[in-house]
Amino acid sequence: MSVPTEKSVMRAVVMRNNKLVLDNIPAPIPGPGEVLVKTLACGICGTDLHALKFAEALVASSRVSGGIFAIDPNRDIVMGHEFCAEIVDYGPATRRRFKVGTRVCSTPSLARSAGDEGIGYSSENPGGFGELMRLTEDNLLEVPKELSPEVAALTEPMAVGYHAVLKARLERRDVSLIIGCGPVGLAVIAALKLKGAAPIVAADFSPRRRELAVAMGADIAIDPREKSPYQALQSGGSSRRPAVIFECVGVPGMIDEIMFNAPRETKIIVTGLCMQRDHLYPLSGLHKELNLQFALGYTGYEFGETFRNIRKGKIRVQAMITGKVGIEGLEKAFVELGSPGHHAKVLVEPWRS
């Protein structure tokens, strides 16, 4: 493909006025230390669904808490931060570490002197829901030929689960319970399996998601309508094994419910993105001496480790891929992902005909 100029355009799905619009927009031009890449595959994240619906609330909460969503909802935004891409060209002041045509993945951020800028949640830095992106050369990880672009694209969401498991500070006898088996819950299960945790108990109302939980490494998958998942943590008496519970739902009241049902001295890791104010009963935590830990994102090291584990086959993610769409099918995919009955991870392939 030809290298974009200042007048070049690309196709992209733009978040505009809380809607997704397929449009032609200016193609990005790589700056110093940057690489122009062609998006091969990009996952749709639950945070993307939240951003479309709650953009103003995300910005407001980030402003108060020092969060990462410093976006302007009144400007066009090309989302997409779980991607694998192909190098098209280099900007100035680059080392040209990889040949043009090399497949790569990267953390969704651009290095700047004033601090990193996000990709996909920025009006300035388009993400993977467009045909082209800019990436920082020093952040690139080469994707080997035997690794498919769609599998490599799942490095980012799997790194979220890996980070959450590291935050749990697992001990040898810990029993793990995952509440909610969406993409984050499945990533947590995969990371627990990688760490040799056992048993791994998963709970979700969706039969499809329970199937995926087992495919990703859960030993037991429970329908909460039929059995309390917390019973699986109780072995009775002084021999009861310590518990770690991962909250991967993100709805009001979930943390409080877990605290009420958790055994004594349980570690609770909160990864679910709840967009409303929540409540909890502190006395539950006090009486049981619970440990409440929130987990978001990952470090650059954790991203690299996750990529290497996927590349070596230690984390198997193929089961999570439940759909692929071209750029024209992105809006419909957002609607379908709003219902948990079928999909786990849908990948967008912007150049797909």
# chains A, B, ... in the order shown; residues from 1 in each chain; ligands from 1
$ select_by_dssp --residues "stretch 24-259 of chain A" --states "alpha helix (DSSP H)" --output "PyMOL selection string"
chain A and resi 46-65+149-153+155-167+183-194+207-216+254-259
$ residues_around --residues "stretch 189-198 of chain A" --least-positions-apart "3" --cutoff "9 Å" --atoms "only C-alpha atoms" --output "ChimeraX atom specification"
/A:158-159,161-166,170-176,178,181,184-186,201-202,213-214,216-219,306,309,314-317
$ closest_atom_pairs --of "stretch 40-125 of chain A" --to "stretch 9-21 of chain A" --cutoff "10 Å" --atoms "only C-alpha atoms" --output "Markdown table"
| residue | atom | partner | partner_atom | distance |
| --- | --- | --- | --- | --- |
| A:Asp48 | CA | A:Met15 | CA | 9.9 |
| A:Ala51 | CA | A:Asn18 | CA | 8.5 |
| A:Leu52 | CA | A:Asn18 | CA | 5.4 |
| A:Lys53 | CA | A:Asn18 | CA | 6.5 |
| A:Phe54 | CA | A:Asn18 | CA | 8.3 |
| A:Ala55 | CA | A:Asn18 | CA | 7.5 |
| A:Glu56 | CA | A:Asn18 | CA | 9.5 |
| A:Pro73 | CA | A:Asn17 | CA | 7.3 |
| A:Asn74 | CA | A:Asn17 | CA | 6.7 |
| A:Arg75 | CA | A:Arg16 | CA | 6.9 |
| A:Asp76 | CA | A:Arg16 | CA | 5.3 |
| A:Ile77 | CA | A:Met15 | CA | 5.1 |
| A:Val78 | CA | A:Val14 | CA | 4.8 |
| A:Met79 | CA | A:Met15 | CA | 7.3 |
| A:Gly80 | CA | A:Val13 | CA | 9.7 |
| A:Ser123 | CA | A:Met15 | CA | 9.8 |
$ residues_around --residues "stretch 92-94 of chain A" --least-positions-apart "6" --cutoff "9 Å" --atoms "only C-alpha atoms" --output "CSV table (one decimal) with N, CA, C and O atoms, in the first residue's frame"
chain,number,residue,atom,x,y,z
A,30,PRO,N,3.3,9.1,10.9
A,30,PRO,CA,4.2,8.9,12.0
A,30,PRO,C,5.1,10.0,12.3
A,30,PRO,O,5.7,10.6,11.4
A,31,GLY,N,5.3,10.3,13.6
A,31,GLY,CA,6.2,11.4,14.0
A,31,GLY,C,7.6,10.7,14.4
A,31,GLY,O,7.8,9.5,14.1
A,32,PRO,N,8.5,11.5,15.0
A,32,PRO,CA,9.8,11.0,15.4
A,32,PRO,C,9.6,9.8,16.4
A,32,PRO,O,8.8,9.8,17.3
A,33,GLY,N,10.4,8.7,16.1
A,33,GLY,CA,10.3,7.6,16.9
A,33,GLY,C,9.1,6.7,16.7
A,33,GLY,O,8.9,5.7,17.5
A,34,GLU,N,8.3,7.0,15.7
A,34,GLU,CA,7.0,6.3,15.5
A,34,GLU,C,7.0,5.5,14.2
A,34,GLU,O,7.8,5.7,13.3
A,35,VAL,N,6.1,4.5,14.2
A,35,VAL,CA,5.9,3.6,13.1
A,35,VAL,C,4.5,3.7,12.6
A,35,VAL,O,3.5,3.7,13.4
A,137,GLU,N,8.0,3.0,18.1
A,137,GLU,CA,8.9,1.9,17.7
A,137,GLU,C,9.5,1.1,18.8
A,137,GLU,O,9.5,-0.2,18.8
$ residues_around --residues "A:Glu146" --least-positions-apart "3" --cutoff "10 Å" --atoms "only C-alpha atoms" --output "compact mmCIF listing (two decimals) with N, CA and C atoms, in the first residue's frame"
# COMPACT_ATOMS: atom_id res chain seq x y z
N VAL A 143 5.65 -10.31 15.97
CA VAL A 143 4.76 -11.47 15.99
C VAL A 143 5.29 -12.51 15.01
N PRO A 149 -2.63 -13.29 13.58
CA PRO A 149 -2.87 -11.92 14.06
C PRO A 149 -3.97 -11.85 15.12
N ARG A 311 2.89 -16.74 22.84
CA ARG A 311 3.75 -17.20 21.75
C ARG A 311 4.25 -18.62 21.99
$ atom_distance --atom1 "atom CA of A:Val151" --atom2 "atom CA of A:Gly329"
19.8 Å
$ residues_around --residues "stretch 220-230 of chain A" --least-positions-apart "3" --cutoff "10 Å" --atoms "only C-alpha atoms" --output "ChimeraX atom specification"
/A:177-179,181,199-207,209-214,217,233-234,243,245,258,261-263
$ atom_distance --atom1 "atom CA of A:Lys267" --atom2 "atom CA of A:Leu290"
6.1 Å
$ select_by_dssp --residues "stretch 147-242 of chain A" --states "strand (DSSP E)" --output "mmCIF file with C-alpha atoms, in the first residue's frame"
data_model
loop_
_atom_site.group_PDB
_atom_site.id
_atom_site.type_symbol
_atom_site.label_atom_id
_atom_site.label_comp_id
_atom_site.auth_asym_id
_atom_site.auth_seq_id
_atom_site.Cartn_x
_atom_site.Cartn_y
_atom_site.Cartn_z
ATOM 1 C CA VAL A 175 -8.657 -21.704 46.187
ATOM 2 C CA SER A 176 -9.668 -19.268 43.421
ATOM 3 C CA LEU A 177 -13.224 -18.218 42.554
ATOM 4 C CA ILE A 178 -13.997 -16.084 39.501
ATOM 5 C CA ILE A 179 -17.348 -14.281 39.559
ATOM 6 C CA ILE A 200 -10.145 -22.827 39.924
ATOM 7 C CA VAL A 201 -13.886 -22.282 40.387
ATOM 8 C CA ALA A 202 -15.847 -20.109 37.932
ATOM 9 C CA ALA A 203 -19.404 -18.784 38.165
ATOM 10 C CA ILE A 220 -15.497 -26.221 38.096
ATOM 11 C CA ALA A 221 -18.063 -23.950 36.399
ATOM 12 C CA ILE A 222 -21.156 -23.129 38.449
#
$ residues_around --residues "A:Ala168" --least-positions-apart "6" --cutoff "8 Å" --atoms "only C-alpha atoms" --output "ChimeraX atom specification"
/A:244,267-269,293
$ closest_residue --among "A:Arg308, A:Lys288, A:Arg96, A:Arg112" --to "A:Leu141" --atoms "only C-alpha atoms"
A:Arg308
$ residues_around --residues "A:Phe129" --least-positions-apart "3" --cutoff "12 Å" --atoms "only C-alpha atoms" --output "PyMOL selection string"
chain A and resi 10-15+20-23+25+38-45+48+77-85+119-121+125-126+132-133+325-331+347-351
$ write_last_selection --atoms "N, CA and C atoms" --output "short mmCIF file (atom, residue, chain, number, x, y, z; two decimals), in the first residue's frame"
data_model
loop_
_atom_site.label_atom_id
_atom_site.label_comp_id
_atom_site.auth_asym_id
_atom_site.auth_seq_id
_atom_site.Cartn_x
_atom_site.Cartn_y
_atom_site.Cartn_z
N MET A 10 -8.24 7.49 5.45
CA MET A 10 -8.42 6.06 5.72
C MET A 10 -9.84 5.84 6.20
N ARG A 11 -10.29 4.61 6.08
CA ARG A 11 -11.60 4.26 6.63
C ARG A 11 -11.45 3.92 8.10
N ALA A 12 -12.41 4.37 8.88
CA ALA A 12 -12.39 4.09 10.31
C ALA A 12 -13.80 4.19 10.86
N VAL A 13 -14.05 3.45 11.92
CA VAL A 13 -15.30 3.62 12.67
C VAL A 13 -15.02 4.60 13.79
N VAL A 14 -15.76 5.69 13.76
CA VAL A 14 -15.53 6.81 14.67
C VAL A 14 -16.63 6.86 15.73
N MET A 15 -16.24 7.07 16.99
CA MET A 15 -17.22 7.36 18.02
C MET A 15 -17.53 8.85 17.94
N LEU A 20 -21.53 5.10 16.72
CA LEU A 20 -20.44 4.62 15.89
C LEU A 20 -20.76 4.94 14.43
N VAL A 21 -19.82 5.61 13.78
CA VAL A 21 -20.04 6.07 12.41
C VAL A 21 -18.86 5.63 11.55
N LEU A 22 -19.14 4.96 10.44
CA LEU A 22 -18.09 4.59 9.49
C LEU A 22 -17.83 5.79 8.59
N ASP A 23 -16.56 6.23 8.54
CA ASP A 23 -16.26 7.47 7.82
C ASP A 23 -14.84 7.40 7.25
N ILE A 25 -11.47 9.46 7.27
CA ILE A 25 -10.83 10.48 8.10
C ILE A 25 -9.36 10.61 7.69
N LYS A 38 -0.52 -0.98 9.69
CA LYS A 38 -1.82 -1.37 9.14
C LYS A 38 -2.46 -2.33 10.13
N THR A 39 -3.67 -2.02 10.58
CA THR A 39 -4.34 -2.87 11.56
C THR A 39 -4.77 -4.18 10.91
N LEU A 40 -4.33 -5.30 11.48
CA LEU A 40 -4.72 -6.62 10.97
C LEU A 40 -5.90 -7.19 11.73
N ALA A 41 -5.90 -7.04 13.05
CA ALA A 41 -6.99 -7.53 13.89
C ALA A 41 -7.03 -6.69 15.15
N CYS A 42 -8.24 -6.39 15.61
CA CYS A 42 -8.39 -5.59 16.83
C CYS A 42 -9.60 -6.08 17.60
N GLY A 43 -9.40 -6.42 18.86
CA GLY A 43 -10.49 -6.90 19.68
C GLY A 43 -11.39 -5.77 20.18
N ILE A 44 -12.66 -6.10 20.37
CA ILE A 44 -13.60 -5.16 20.99
C ILE A 44 -13.60 -5.43 22.49
N CYS A 45 -13.29 -4.42 23.26
CA CYS A 45 -13.17 -4.56 24.71
C CYS A 45 -14.46 -4.10 25.39
N ASP A 48 -14.67 -0.51 25.69
CA ASP A 48 -15.16 0.20 24.51
C ASP A 48 -16.68 0.35 24.56
N ILE A 77 -13.41 10.09 18.01
CA ILE A 77 -12.46 9.17 18.62
C ILE A 77 -12.53 7.84 17.87
N VAL A 78 -11.39 7.33 17.45
CA VAL A 78 -11.31 5.99 16.85
C VAL A 78 -10.79 5.05 17.94
N MET A 79 -11.68 4.23 18.47
CA MET A 79 -11.31 3.33 19.55
C MET A 79 -10.55 2.11 19.00
N GLY A 80 -10.23 1.18 19.91
CA GLY A 80 -9.54 -0.05 19.53
C GLY A 80 -8.14 -0.09 20.10
N HIS A 81 -7.95 -0.86 21.19
CA HIS A 81 -6.64 -0.90 21.85
C HIS A 81 -6.12 -2.32 22.05
N GLU A 82 -6.77 -3.32 21.45
CA GLU A 82 -6.30 -4.71 21.52
C GLU A 82 -5.97 -5.15 20.10
N PHE A 83 -4.73 -5.00 19.67
CA PHE A 83 -4.48 -5.12 18.24
C PHE A 83 -3.20 -5.86 17.89
N CYS A 84 -3.21 -6.36 16.66
CA CYS A 84 -2.01 -6.83 15.97
C CYS A 84 -1.99 -6.08 14.65
N ALA A 85 -0.80 -5.67 14.21
CA ALA A 85 -0.71 -4.82 13.03
C ALA A 85 0.51 -5.20 12.20
N ILE A 119 -3.64 5.19 23.04
CA ILE A 119 -4.12 4.92 21.68
C ILE A 119 -5.51 4.30 21.80
N GLY A 120 -6.46 4.87 21.06
CA GLY A 120 -7.81 4.32 21.07
C GLY A 120 -8.75 5.06 22.00
N TYR A 121 -8.23 5.79 22.95
CA TYR A 121 -9.04 6.67 23.80
C TYR A 121 -8.46 8.07 23.74
N ASN A 125 -4.88 10.17 18.66
CA ASN A 125 -4.20 8.91 18.36
C ASN A 125 -5.22 7.82 18.05
N PRO A 126 -5.57 7.64 16.76
CA PRO A 126 -6.58 6.65 16.40
C PRO A 126 -6.14 5.23 16.74
N LEU A 132 -5.37 2.34 9.76
CA LEU A 132 -3.98 2.65 10.05
C LEU A 132 -3.83 3.24 11.45
N MET A 133 -2.66 3.02 12.07
CA MET A 133 -2.35 3.59 13.38
C MET A 133 -0.89 4.03 13.39
N VAL A 325 -15.40 -9.69 12.36
CA VAL A 325 -16.19 -8.83 11.48
C VAL A 325 -15.26 -7.90 10.73
N GLY A 326 -15.73 -7.44 9.57
CA GLY A 326 -15.05 -6.36 8.88
C GLY A 326 -15.43 -5.04 9.51
N ILE A 327 -14.89 -3.98 9.00
CA ILE A 327 -15.14 -2.68 9.61
C ILE A 327 -16.62 -2.29 9.52
N GLU A 328 -17.30 -2.78 8.48
CA GLU A 328 -18.72 -2.46 8.32
C GLU A 328 -19.58 -3.15 9.37
N GLY A 329 -19.08 -4.25 9.94
CA GLY A 329 -19.87 -5.00 10.92
C GLY A 329 -19.62 -4.61 12.36
N LEU A 330 -18.83 -3.56 12.58
CA LEU A 330 -18.45 -3.21 13.94
C LEU A 330 -19.63 -2.75 14.79
N GLU A 331 -20.48 -1.92 14.23
CA GLU A 331 -21.63 -1.41 15.00
C GLU A 331 -22.53 -2.55 15.45
N LEU A 347 -13.39 -9.93 17.06
CA LEU A 347 -12.25 -9.23 16.49
C LEU A 347 -12.67 -8.49 15.21
N VAL A 348 -12.18 -7.26 15.09
CA VAL A 348 -12.43 -6.46 13.89
C VAL A 348 -11.21 -6.55 13.00
N GLU A 349 -11.45 -6.82 11.73
CA GLU A 349 -10.38 -6.86 10.73
C GLU A 349 -10.70 -5.75 9.71
N PRO A 350 -10.13 -4.55 9.90
CA PRO A 350 -10.54 -3.38 9.10
C PRO A 350 -10.36 -3.53 7.60
N TRP A 351 -9.42 -4.38 7.15
CA TRP A 351 -9.17 -4.53 5.72
C TRP A 351 -9.93 -5.72 5.14
#
$ closest_residue --among "A:Glu305, A:Glu150, A:Asp89, A:Asp256" --to "A:Leu280" --atoms "only C-alpha atoms"
A:Asp256
$ closest_residue --among "A:Ile255, A:Ala153, A:Val249, A:Ala333" --to "A:Met320" --atoms "only C-alpha atoms"
A:Ala153
$ closest_residue --among "A:Gly127, A:Met254, A:Arg97, A:Glu86" --to "A:His279" --atoms "only C-alpha atoms"
A:Met254
$ decode --residues "stretch 163-177 of chain A" --atoms "all heavy atoms" --output "mmCIF file, in the first residue's frame"
data_model
loop_
_atom_site.group_PDB
_atom_site.id
_atom_site.type_symbol
_atom_site.label_atom_id
_atom_site.label_comp_id
_atom_site.auth_asym_id
_atom_site.auth_seq_id
_atom_site.Cartn_x
_atom_site.Cartn_y
_atom_site.Cartn_z
ATOM 1 N N HIS A 163 -2.198 -9.384 35.147
ATOM 2 C CA HIS A 163 -1.947 -8.344 36.151
ATOM 3 C C HIS A 163 -2.812 -8.570 37.391
ATOM 4 O O HIS A 163 -2.330 -8.467 38.528
ATOM 5 C CB HIS A 163 -2.261 -6.977 35.536
ATOM 6 C CG HIS A 163 -2.187 -5.835 36.500
ATOM 7 N ND1 HIS A 163 -0.997 -5.303 36.943
ATOM 8 C CD2 HIS A 163 -3.171 -5.121 37.118
ATOM 9 C CE1 HIS A 163 -1.243 -4.303 37.781
ATOM 10 N NE2 HIS A 163 -2.546 -4.179 37.902
ATOM 11 N N ALA A 164 -4.092 -8.906 37.189
ATOM 12 C CA ALA A 164 -4.992 -9.126 38.325
ATOM 13 C C ALA A 164 -4.525 -10.295 39.191
ATOM 14 O O ALA A 164 -4.580 -10.236 40.423
ATOM 15 C CB ALA A 164 -6.410 -9.375 37.816
ATOM 16 N N VAL A 165 -4.057 -11.365 38.537
ATOM 17 C CA VAL A 165 -3.583 -12.531 39.287
ATOM 18 C C VAL A 165 -2.321 -12.195 40.073
ATOM 19 O O VAL A 165 -2.149 -12.622 41.215
ATOM 20 C CB VAL A 165 -3.373 -13.722 38.336
ATOM 21 C CG1 VAL A 165 -2.617 -14.859 39.029
ATOM 22 C CG2 VAL A 165 -4.722 -14.224 37.819
ATOM 23 N N LEU A 166 -1.433 -11.406 39.489
ATOM 24 C CA LEU A 166 -0.240 -10.994 40.231
ATOM 25 C C LEU A 166 -0.616 -10.135 41.433
ATOM 26 O O LEU A 166 -0.003 -10.230 42.503
ATOM 27 C CB LEU A 166 0.719 -10.233 39.315
ATOM 28 C CG LEU A 166 1.399 -11.036 38.204
ATOM 29 C CD1 LEU A 166 2.397 -10.162 37.463
ATOM 30 C CD2 LEU A 166 2.088 -12.281 38.747
ATOM 31 N N LYS A 167 -1.632 -9.292 41.277
ATOM 32 C CA LYS A 167 -2.095 -8.463 42.391
ATOM 33 C C LYS A 167 -2.646 -9.317 43.528
ATOM 34 O O LYS A 167 -2.661 -8.891 44.693
ATOM 35 C CB LYS A 167 -3.175 -7.495 41.907
ATOM 36 C CG LYS A 167 -2.657 -6.292 41.139
ATOM 37 C CD LYS A 167 -1.930 -5.322 42.049
ATOM 38 C CE LYS A 167 -1.558 -4.036 41.337
ATOM 39 N NZ LYS A 167 -0.796 -3.118 42.220
ATOM 40 N N ALA A 168 -3.118 -10.525 43.205
ATOM 41 C CA ALA A 168 -3.703 -11.404 44.230
ATOM 42 C C ALA A 168 -2.653 -12.002 45.157
ATOM 43 O O ALA A 168 -2.998 -12.529 46.221
ATOM 44 C CB ALA A 168 -4.504 -12.516 43.554
ATOM 45 N N ARG A 169 -1.391 -11.977 44.744
ATOM 46 C CA ARG A 169 -0.308 -12.527 45.565
ATOM 47 C C ARG A 169 -0.669 -13.941 46.037
ATOM 48 O O ARG A 169 -0.756 -14.239 47.228
ATOM 49 C CB ARG A 169 -0.008 -11.623 46.764
ATOM 50 C CG ARG A 169 0.373 -10.205 46.366
ATOM 51 C CD ARG A 169 0.682 -9.326 47.570
ATOM 52 N NE ARG A 169 -0.455 -9.215 48.456
ATOM 53 C CZ ARG A 169 -1.486 -8.393 48.273
ATOM 54 N NH1 ARG A 169 -1.510 -7.603 47.203
ATOM 55 N NH2 ARG A 169 -2.478 -8.340 49.127
ATOM 56 N N LEU A 170 -0.884 -14.805 45.075
ATOM 57 C CA LEU A 170 -1.344 -16.173 45.347
ATOM 58 C C LEU A 170 -0.371 -16.939 46.229
ATOM 59 O O LEU A 170 0.850 -16.800 46.096
ATOM 60 C CB LEU A 170 -1.526 -16.940 44.037
ATOM 61 C CG LEU A 170 -2.694 -16.550 43.134
ATOM 62 C CD1 LEU A 170 -2.602 -17.314 41.836
ATOM 63 C CD2 LEU A 170 -4.024 -16.797 43.818
ATOM 64 N N GLU A 171 -0.930 -17.757 47.087
ATOM 65 C CA GLU A 171 -0.157 -18.698 47.877
ATOM 66 C C GLU A 171 -0.535 -20.117 47.465
ATOM 67 O O GLU A 171 -1.565 -20.347 46.834
ATOM 68 C CB GLU A 171 -0.398 -18.463 49.359
ATOM 69 C CG GLU A 171 0.042 -17.063 49.809
ATOM 70 C CD GLU A 171 -0.219 -16.822 51.280
ATOM 71 O OE1 GLU A 171 -0.583 -17.783 51.984
ATOM 72 O OE2 GLU A 171 -0.059 -15.663 51.721
ATOM 73 N N ARG A 172 0.284 -21.060 47.833
ATOM 74 C CA ARG A 172 0.166 -22.418 47.286
ATOM 75 C C ARG A 172 -1.196 -23.053 47.530
ATOM 76 O O ARG A 172 -1.718 -23.757 46.676
ATOM 77 C CB ARG A 172 1.271 -23.303 47.887
ATOM 78 C CG ARG A 172 1.320 -24.725 47.328
ATOM 79 C CD ARG A 172 2.490 -25.489 47.916
ATOM 80 N NE ARG A 172 2.405 -25.555 49.376
ATOM 81 C CZ ARG A 172 1.691 -26.476 50.026
ATOM 82 N NH1 ARG A 172 1.004 -27.382 49.346
ATOM 83 N NH2 ARG A 172 1.670 -26.506 51.342
ATOM 84 N N ARG A 173 -1.813 -22.811 48.682
ATOM 85 C CA ARG A 173 -3.057 -23.513 49.027
ATOM 86 C C ARG A 173 -4.312 -22.710 48.662
ATOM 87 O O ARG A 173 -5.425 -23.150 48.965
ATOM 88 C CB ARG A 173 -3.062 -23.831 50.528
ATOM 89 C CG ARG A 173 -1.959 -24.786 50.958
ATOM 90 C CD ARG A 173 -2.059 -25.145 52.435
ATOM 91 N NE ARG A 173 -3.269 -25.911 52.742
ATOM 92 C CZ ARG A 173 -4.305 -25.438 53.427
ATOM 93 N NH1 ARG A 173 -4.298 -24.192 53.872
ATOM 94 N NH2 ARG A 173 -5.347 -26.207 53.662
ATOM 95 N N ASP A 174 -4.171 -21.568 48.036
ATOM 96 C CA ASP A 174 -5.327 -20.734 47.726
ATOM 97 C C ASP A 174 -6.300 -21.430 46.780
ATOM 98 O O ASP A 174 -5.897 -22.063 45.800
ATOM 99 C CB ASP A 174 -4.891 -19.417 47.090
ATOM 100 C CG ASP A 174 -4.287 -18.450 48.093
ATOM 101 O OD1 ASP A 174 -4.445 -18.682 49.309
ATOM 102 O OD2 ASP A 174 -3.658 -17.467 47.658
ATOM 103 N N VAL A 175 -7.584 -21.299 47.091
ATOM 104 C CA VAL A 175 -8.657 -21.704 46.187
ATOM 105 C C VAL A 175 -9.172 -20.441 45.503
ATOM 106 O O VAL A 175 -9.474 -19.451 46.173
ATOM 107 C CB VAL A 175 -9.810 -22.393 46.938
ATOM 108 C CG1 VAL A 175 -10.917 -22.787 45.967
ATOM 109 C CG2 VAL A 175 -9.306 -23.599 47.701
ATOM 110 N N SER A 176 -9.279 -20.463 44.172
ATOM 111 C CA SER A 176 -9.668 -19.268 43.421
ATOM 112 C C SER A 176 -11.101 -19.385 42.920
ATOM 113 O O SER A 176 -11.512 -20.422 42.389
ATOM 114 C CB SER A 176 -8.727 -19.058 42.225
ATOM 115 O OG SER A 176 -7.390 -18.903 42.659
ATOM 116 N N LEU A 177 -11.856 -18.301 43.058
ATOM 117 C CA LEU A 177 -13.224 -18.218 42.554
ATOM 118 C C LEU A 177 -13.328 -16.991 41.669
ATOM 119 O O LEU A 177 -12.974 -15.882 42.088
ATOM 120 C CB LEU A 177 -14.223 -18.122 43.702
ATOM 121 C CG LEU A 177 -15.674 -17.768 43.332
ATOM 122 C CD1 LEU A 177 -16.283 -18.818 42.409
ATOM 123 C CD2 LEU A 177 -16.529 -17.601 44.597
#
